[in-house]
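**Q** I'd like to ask you about the structure that follows.
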4 protein chains.
Amino acid sequence: MNESNTNTAILLIHCPDRPGIVAAVTSFLSEHEGNVLYLDQHVDRGAGVFFMRLEWELEKFTIPIEALEQHLDPLVRQFKMTWRLYLSDMRPRMAIFVSKIPHCLDDILARYQSGEWKVDIPLVISNHETQKDTVRKFGPNFYCFPKHKENKAEQEQQELKLLKEYSINFIVLARYMQILSNDFVSHYRNRIINIHHSFLPAFPGSKPYHSAYDRGVKIIGATSHYVTEDLDEGPIIDQDVARVSHRDSVSDMVRIGRDLEKIVLARAIYAHLSRKVMVYQNKTIVFS
Amino acid sequence: MNESNTNTAILLIHCPDRPGIVAAVTSFLSEHEGNVLYLDQHVDRGAGVFFMRLEWELEKFTIPIEALEQHLDPLVRQFKMTWRLYLSDMRPRMAIFVSKIPHCLDDILARYQSGEWKVDIPLVISNHETQKDTVRKFGPNFYCFPKHKENKAEQEQQELKLLKEYSINFIVLARYMQILSNDFVSHYRNRIINIHHSFLPAFPGSKPYHSAYDRGVKIIGATSHYVTEDLDEGPIIDQDVARVSHRDSVSDMVRIGRDLEKIVLARAIYAHLSRKVMVYQNKTIVFS
Amino acid sequence: MNESNTNTAILLIHCPDRPGIVAAVTSFLSEHEGNVLYLDQHVDRGAGVFFMRLEWELEKFTIPIEALEQHLDPLVRQFKMTWRLYLSDMRPRMAIFVSKIPHCLDDILARYQSGEWKVDIPLVISNHETQKDTVRKFGPNFYCFPKHKENKAEQEQQELKLLKEYSINFIVLARYMQILSNDFVSHYRNRIINIHHSFLPAFPGSKPYHSAYDRGVKIIGATSHYVTEDLDEGPIIDQDVARVSHRDSVSDMVRIGRDLEKIVLARAIYAHLSRKVMVYQNKTIVFS
Amino acid sequence: MNESNTNTAILLIHCPDRPGIVAAVTSFLSEHEGNVLYLDQHVDRGAGVFFMRLEWELEKFTIPIEALEQHLDPLVRQFKMTWRLYLSDMRPRMAIFVSKIPHCLDDILARYQSGEWKVDIPLVISNHETQKDTVRKFGPNFYCFPKHKENKAEQEQQELKLLKEYSINFIVLARYMQILSNDFVSHYRNRIINIHHSFLPAFPGSKPYHSAYDRGVKIIGATSHYVTEDLDEGPIIDQDVARVSHRDSVSDMVRIGRDLEKIVLARAIYAHLSRKVMVYQNKTIVFS
């Protein structure tokens, strides 16, 4: 997060790789008194694609931010750039989806309350009433949309309407035990973060700790990823693991895994909020 | 390994779980002046099976080791025990199978030369001549059995004959790029240790680093396991992982993975040599 | 934790090492129909001391629990045992001490609320009012004892009185920024768990992340330990680490460290609650 | 390492931080057809210092490499840059210092033999004859300089002479159990890599595993660092750790630690060879 009070702009760019991109962009900022705080770049040599994240101070920047697009246009055309701009003084708005299991929700709400993240969480959506009281203690509104085969499409429409009303920028599935429809996902492409309770691609599906126990693995994991149409197949943002042994039952793995899940999910949210994640060809670039 | 000069006996037992097993076995040893150095036990509650590893000093033990089976017999019948006995003064004999890639072989040979392990390695078998000179520098004999579809069965028979001549107790596949036949495996059940260059069950098969790169995982791994008829499906002995990022190409993963592979393989060999591994229902118990 | 409803007893024993202890104790339990669920033992060969943790079912156990001490007495005398007994149906009572920083407190309260641990937390004590509202949301009473040089001894007496009134069994310092006096510590020997925000013994004292940054370490850590008279020198229960780089500022380390601290503290509390920790010569045995 | 056959140049720069450095340097390369392959930069905000590592292709680069200094001069003056230039077709020459313990030496020699690193190792220096045969098997010359208080200064002079004759660029202490004099160190500032068998700054000195055992830590480590006048205080290049428990004796820690030491040392050598390490104020920047 931006620790100072200085307003900064963050530009995420990707374009076909060719010589001179860094020189062109940094010279552009330099000419307009934009002091660069962070520059991260990456070239995917197989795909021939260049990625860059730039953060610069706005204080002395001579281009008004609303005119930036126009000023950038020649560079965008020259290098065939795709770009996104974020301003540090904009607080992203996040919705949480949760079912009954509380540990990821609890962890996020505690961070929210302590001000650890620069984010607003105006609402939590669930398919159960279980976490209503917890959520309300921490401030967000709580909405319950129970789902079964017949009402799922309709409930999702209600949820989408609500998300729009609340001007939600991105969604976190904090152990939400419902599969989102392709239609729903298409409204928040690369803006829905899920936590899967295994070291993907090992053990996709709904009972990964049972599968891990049955296979006799010596390490279990958790994976945070953006949600795509293909279940548990979206771009991986972060993963972590813990050692287990023959002594650990399925319920031991569940216990150990809970701590992995909440930390890995929190790290993904932090990277997303810091505008450090770019997605390309179902993989992520996560700048450091 | 046994660090003192004291001769010890190691007994590995498994049997249906029921009350009184530990009391019966430890009382038996105590009555015959067998001072227990290590006792490890485990109950698989799902399967209802009890596992135990006992190591005791032979110095004052009043039963001659060749008569132990006879003396144990009443306990074995009472508890329906399956057991194996190892003596610390017996040096296991190990064969290495290797193809062209040297890092696991090199690591094992260096440990062998330094006397890190209590083991003899009289021979190395390969399907290529590549590592002949390296092997001979360190002492073991080197045999080359090139394999193709037509001669595979015959070559394996030659290998089995050789392994018998050398009184080999167990085999280590140090990046051996040939699939062993079911017949071959049946001669060394739970006595062939393989290293797979992925975090199994993710990425089985022959190109795991390419698959890991394509999937965009943030952690790669290596897995040591006993070889069974089902490729990359045998009981896992040990695993370890390393963090990677979007910056790591396939060849970076190969480089990082090499260090994982040799260490995880060495740890599995050490556990096997220490008689700390028991196999049950395609899983291992690895006592600490 | 004990996951079934069965009542069990847990016995922690240490005594001079000599042959026959396991046989004697397990035979004793077996004779009285005490079905052993877990047996862990350890011998510190340097110190010549034997440690054991036994857990057995009380259902068919033929000795009334209140008569156990009397029945154990011959064994205790024979082997010069020191022992402690815990019953699984007893809920330990824990007090939390906290200052202003909330993440460890929040994590514990969330676990408490979800019923993850078998524990009661009737009160939280702080030297600041900062966390009062948070604590009360979750149920425990909140008491504030501001401290300065002059009133410290007196305030501690008030705290001790309160801990006694609430029948507190053990104390968790969840980032409590006050040094407890030797007198206070002596009332809860090996029953006060602290979390230190470094990989002890590196960086003791109050600013470990600054020291870690200045020294340029590539890994930071957190350490949970029992509090003794010597600051940051008590027996270590658990530790964990995270990788950092030159890119991480002190405030990045603080952020990364928070997640380490809360997880390592929670693991120590769980081990303590599970009666798996024994202390000897300023070190812990933590059974698995 | 450079995996292609393309010749590249690597430029390491540091200078006072100010706006426009990246733009100036990348524009300079761009104007002279130097296609940038990697760009890494870092700003130490506390110290106000900018660091950059640039790697570019020489194929179409219009400045002859011997004239680069002259062409860079205006930039160097403008930004007060300190810089070093490396060419990928230059093979660095490395000397190994070792005492009796072989595992780090063995690991380096195996990597050398397999061609894993782009390096020449013409000689190994030791204060014992122990590793002579091993070294000669792998090719390097072996020189023995036994040391005691009286002859140390003189022996170091002989060593320095030899290092000069062999045109050695940097030195690796592969468990060399002698302290180098300040004079010796001054000849290879930030070019002597040591491996210390603990997680520094915990447990400096000669018996870290004994200290770790006595303190009862739950994690042990190894640290590679550049050697400075202050023993075990030099800039840390890499560290890694392994979990231990009360079950692990000092000799178990030594065994587990050996694997850490050799891998951490190898990673440091690789980073150094890849020209990815910069040293500033007794800390390293290790570009990824």
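We label chains A, B, ... in the order they appear in the structure tokens, count residues from 1 in each chain, and number ligands from 1 in the order shown.
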If we count only C-alpha atoms, which residues of chain A reach to within 9 Å of chain D? Please list them as an NGL selection string.
**A** :A and (18-31 or 33-43)
**Q** DSSP on the backbone, strand (DSSP E or B) only: what residues of range 48-93 of chain B does that give? Format it as a list of chain:residue names.
**A**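 Selection result, strand (DSSP E or B) within range 48-93 of chain B: B:Val49, B:Phe50, B:Phe51, B:Met52, B:Arg53, B:Leu54, B:Glu55, B:Trp56, B:Glu57, B:Thr82, B:Trp83, B:Arg84, B:Leu85, B:Tyr86, B:Leu87, B:Arg93.
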**Q** Could you pull out the helix (DSSP H, G or I) residues of range 43-167 of chain D, going by DSSP on the backbone, and write them as a PyMOL selection string?
**A** chain D and resi 65-79+103-114+132-138+152-165
**Q** Between D:Ile101, D:Leu11, D:Met90, D:Cys144, single out the one closest to Asn169 in chain D, counting only C-alpha atoms.
**A**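 Under the stated criterion, the closest residue is D:Met90.
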**Q** Would you kindly return, as a ChimeraX atom specification, each protein, DNA or RNA residue with an atom no farther than 12 Å from any atom of His71 in chain B, considering only C-alpha atoms and excluding same-chain residues fewer than 2 positions away?
**A** /B:25,28-29,31-32,62-69,73-77
**Q** List as a ChimeraX atom specification the protein and nucleic acid residues near Ala174 in chain D, meaning an atom at most 7 Å away when only C-alpha atoms are counted, but skip any in the same chain fewer than 5 places from it.
**A** /D:96-98,104-105,194-195
**Q** Just want the 9 Å neighbourhood of Asp44 in chain A, counted on only C-alpha atoms, with same-chain residues fewer than 2 positions away dropped. Output as a PDB file with N, CA and C atoms, in the first residue's frame.
**A**
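Generated file (part-v7.pdb):
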```pdb
ATOM      1  N   ASP A  17       6.509  -7.053 -27.398  1.00  0.00           N
ATOM      2  CA  ASP A  17       7.859  -6.669 -26.999  1.00  0.00           C
ATOM      3  C   ASP A  17       8.646  -6.128 -28.183  1.00  0.00           C
ATOM      4  N   HIS A  42       8.553  -6.898 -17.099  1.00  0.00           N
ATOM      5  CA  HIS A  42       8.755  -8.325 -17.359  1.00  0.00           C
ATOM      6  C   HIS A  42       8.507  -8.575 -18.838  1.00  0.00           C
ATOM      7  N   GLY A  46       8.543 -16.214 -24.567  1.00  0.00           N
ATOM      8  CA  GLY A  46       7.802 -17.172 -25.394  1.00  0.00           C
ATOM      9  C   GLY A  46       6.670 -16.485 -26.153  1.00  0.00           C
ATOM     10  N   ALA A  47       5.918 -15.654 -25.419  1.00  0.00           N
ATOM     11  CA  ALA A  47       4.765 -14.985 -26.029  1.00  0.00           C
ATOM     12  C   ALA A  47       5.147 -13.692 -26.729  1.00  0.00           C
ATOM     13  N   GLY A  48       6.370 -13.192 -26.469  1.00  0.00           N
ATOM     14  CA  GLY A  48       6.797 -11.933 -27.076  1.00  0.00           C
ATOM     15  C   GLY A  48       6.016 -10.735 -26.573  1.00  0.00           C
ATOM     16  N   VAL A  49       5.698 -10.767 -25.278  1.00  0.00           N
ATOM     17  CA  VAL A  49       4.891  -9.685 -24.713  1.00  0.00           C
ATOM     18  C   VAL A  49       5.662  -8.983 -23.595  1.00  0.00           C
ATOM     19  N   PHE A  50       5.551  -7.672 -23.588  1.00  0.00           N
ATOM     20  CA  PHE A  50       6.200  -6.835 -22.594  1.00  0.00           C
ATOM     21  C   PHE A  50       5.164  -6.355 -21.581  1.00  0.00           C
ATOM     22  N   PHE A  51       5.517  -6.420 -20.288  1.00  0.00           N
ATOM     23  CA  PHE A  51       4.619  -5.971 -19.219  1.00  0.00           C
ATOM     24  C   PHE A  51       5.359  -4.949 -18.355  1.00  0.00           C
TER      25      PHE A  51
ATOM     26  N   HIS B 246       6.704 -15.428 -12.025  1.00  0.00           N
ATOM     27  CA  HIS B 246       6.550 -15.237 -13.463  1.00  0.00           C
ATOM     28  C   HIS B 246       7.901 -15.012 -14.144  1.00  0.00           C
ATOM     29  N   ARG B 247       8.910 -14.613 -13.373  1.00  0.00           N
ATOM     30  CA  ARG B 247      10.226 -14.369 -13.962  1.00  0.00           C
ATOM     31  C   ARG B 247      10.946 -15.663 -14.332  1.00  0.00           C
ATOM     32  N   SER B 249      11.700 -18.932 -16.139  1.00  0.00           N
ATOM     33  CA  SER B 249      11.420 -19.701 -17.351  1.00  0.00           C
ATOM     34  C   SER B 249      11.462 -21.190 -17.023  1.00  0.00           C
TER      35      SER B 249
END
```
**Q** For Lys149 in chain B, work out the shell of residues within 12 Å, counting only C-alpha atoms and skipping chain neighbours fewer than 2 positions away, then give it as a list in words.
**A**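 With the cut-off at 12 Å, the set is Pro146, Lys147, Asn151, Lys152, Ala153, Glu154, Gln155, Glu156, Gln178, Ile179, Leu180 and Ser181 of chain B.
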**Q** Please write the residues from the selection above to a file, keeping N, CA, C and O atoms, as a PDB file, in the first residue's frame.
**A**
```pdb
ATOM      1  N   PRO B 146      21.483 -50.425 -22.763  1.00  0.00           N
ATOM      2  CA  PRO B 146      20.643 -49.570 -23.608  1.00  0.00           C
ATOM      3  C   PRO B 146      19.310 -50.276 -23.834  1.00  0.00           C
ATOM      4  O   PRO B 146      19.267 -51.497 -23.965  1.00  0.00           O
ATOM      5  N   LYS B 147      18.233 -49.478 -23.867  1.00  0.00           N
ATOM      6  CA  LYS B 147      16.914 -50.098 -23.983  1.00  0.00           C
ATOM      7  C   LYS B 147      16.109 -49.498 -25.120  1.00  0.00           C
ATOM      8  O   LYS B 147      16.118 -48.284 -25.321  1.00  0.00           O
ATOM      9  N   ASN B 151      14.115 -54.795 -26.955  1.00  0.00           N
ATOM     10  CA  ASN B 151      15.032 -55.517 -26.060  1.00  0.00           C
ATOM     11  C   ASN B 151      14.767 -55.280 -24.575  1.00  0.00           C
ATOM     12  O   ASN B 151      15.496 -55.788 -23.731  1.00  0.00           O
ATOM     13  N   LYS B 152      13.736 -54.478 -24.253  1.00  0.00           N
ATOM     14  CA  LYS B 152      13.544 -54.064 -22.870  1.00  0.00           C
ATOM     15  C   LYS B 152      13.396 -55.249 -21.903  1.00  0.00           C
ATOM     16  O   LYS B 152      14.052 -55.302 -20.857  1.00  0.00           O
ATOM     17  N   ALA B 153      12.541 -56.198 -22.254  1.00  0.00           N
ATOM     18  CA  ALA B 153      12.292 -57.343 -21.372  1.00  0.00           C
ATOM     19  C   ALA B 153      13.582 -58.121 -21.135  1.00  0.00           C
ATOM     20  O   ALA B 153      13.919 -58.494 -20.002  1.00  0.00           O
ATOM     21  N   GLU B 154      14.307 -58.324 -22.213  1.00  0.00           N
ATOM     22  CA  GLU B 154      15.551 -59.087 -22.107  1.00  0.00           C
ATOM     23  C   GLU B 154      16.595 -58.335 -21.264  1.00  0.00           C
ATOM     24  O   GLU B 154      17.265 -58.935 -20.419  1.00  0.00           O
ATOM     25  N   GLN B 155      16.718 -57.035 -21.513  1.00  0.00           N
ATOM     26  CA  GLN B 155      17.688 -56.242 -20.757  1.00  0.00           C
ATOM     27  C   GLN B 155      17.339 -56.237 -19.265  1.00  0.00           C
ATOM     28  O   GLN B 155      18.233 -56.315 -18.413  1.00  0.00           O
ATOM     29  N   GLU B 156      16.057 -56.147 -18.961  1.00  0.00           N
ATOM     30  CA  GLU B 156      15.668 -56.180 -17.541  1.00  0.00           C
ATOM     31  C   GLU B 156      16.058 -57.508 -16.887  1.00  0.00           C
ATOM     32  O   GLU B 156      16.434 -57.545 -15.724  1.00  0.00           O
ATOM     33  N   GLN B 178      13.567 -44.452 -17.806  1.00  0.00           N
ATOM     34  CA  GLN B 178      12.941 -45.622 -18.399  1.00  0.00           C
ATOM     35  C   GLN B 178      11.890 -46.111 -17.421  1.00  0.00           C
ATOM     36  O   GLN B 178      12.117 -46.088 -16.206  1.00  0.00           O
ATOM     37  N   ILE B 179      10.769 -46.568 -17.943  1.00  0.00           N
ATOM     38  CA  ILE B 179       9.736 -47.134 -17.079  1.00  0.00           C
ATOM     39  C   ILE B 179      10.048 -48.608 -16.844  1.00  0.00           C
ATOM     40  O   ILE B 179      10.270 -49.356 -17.798  1.00  0.00           O
ATOM     41  N   LEU B 180      10.088 -49.000 -15.595  1.00  0.00           N
ATOM     42  CA  LEU B 180      10.361 -50.398 -15.260  1.00  0.00           C
ATOM     43  C   LEU B 180       9.098 -51.237 -15.463  1.00  0.00           C
ATOM     44  O   LEU B 180       7.987 -50.774 -15.186  1.00  0.00           O
ATOM     45  N   SER B 181       9.279 -52.462 -15.928  1.00  0.00           N
ATOM     46  CA  SER B 181       8.115 -53.333 -16.145  1.00  0.00           C
ATOM     47  C   SER B 181       7.538 -53.792 -14.808  1.00  0.00           C
ATOM     48  O   SER B 181       8.229 -53.780 -13.784  1.00  0.00           O
TER      49      SER B 181
END
```
**Q** May I have the residues within 9 Å of Leu273 in chain B as number ranges by chain, using only C-alpha atoms and disregarding those fewer than 3 positions away in the same chain?
**A** B: 1, 92, 117-119, 268-270, 276-277
**Q** Those selected residues, please, written with C-alpha atoms and delivered as a PDB file, in the first residue's frame.
**A**
```pdb
ATOM      1  CA  MET B   1      22.142 -43.616  11.230  1.00  0.00           C
ATOM      2  CA  PRO B  92      22.476 -52.567   3.101  1.00  0.00           C
ATOM      3  CA  TRP B 117      25.478 -43.123   4.919  1.00  0.00           C
ATOM      4  CA  LYS B 118      25.917 -46.663   6.194  1.00  0.00           C
ATOM      5  CA  VAL B 119      25.490 -48.317   2.803  1.00  0.00           C
ATOM      6  CA  ALA B 268      14.192 -40.611   1.167  1.00  0.00           C
ATOM      7  CA  ILE B 269      17.276 -42.829   0.914  1.00  0.00           C
ATOM      8  CA  TYR B 270      18.285 -41.830   4.433  1.00  0.00           C
ATOM      9  CA  LYS B 276      12.040 -45.616   9.366  1.00  0.00           C
ATOM     10  CA  VAL B 277       9.637 -46.144   6.477  1.00  0.00           C
TER      11      VAL B 277
END
```
**Q** Looking at only C-alpha atoms, which of D:Ile236, D:Arg215, D:Met81, D:Val264 is the one that sits closest to Leu200 in chain D?
**A**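 Closest to Leu200 in chain D of all the choices is D:Ile236.
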**Q** At what distance in Å, to one decimal, does CA of Ser245 in chain B lie from CA of Asp240 in chain A?
**A**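 A separation of 12.8 Å between them.
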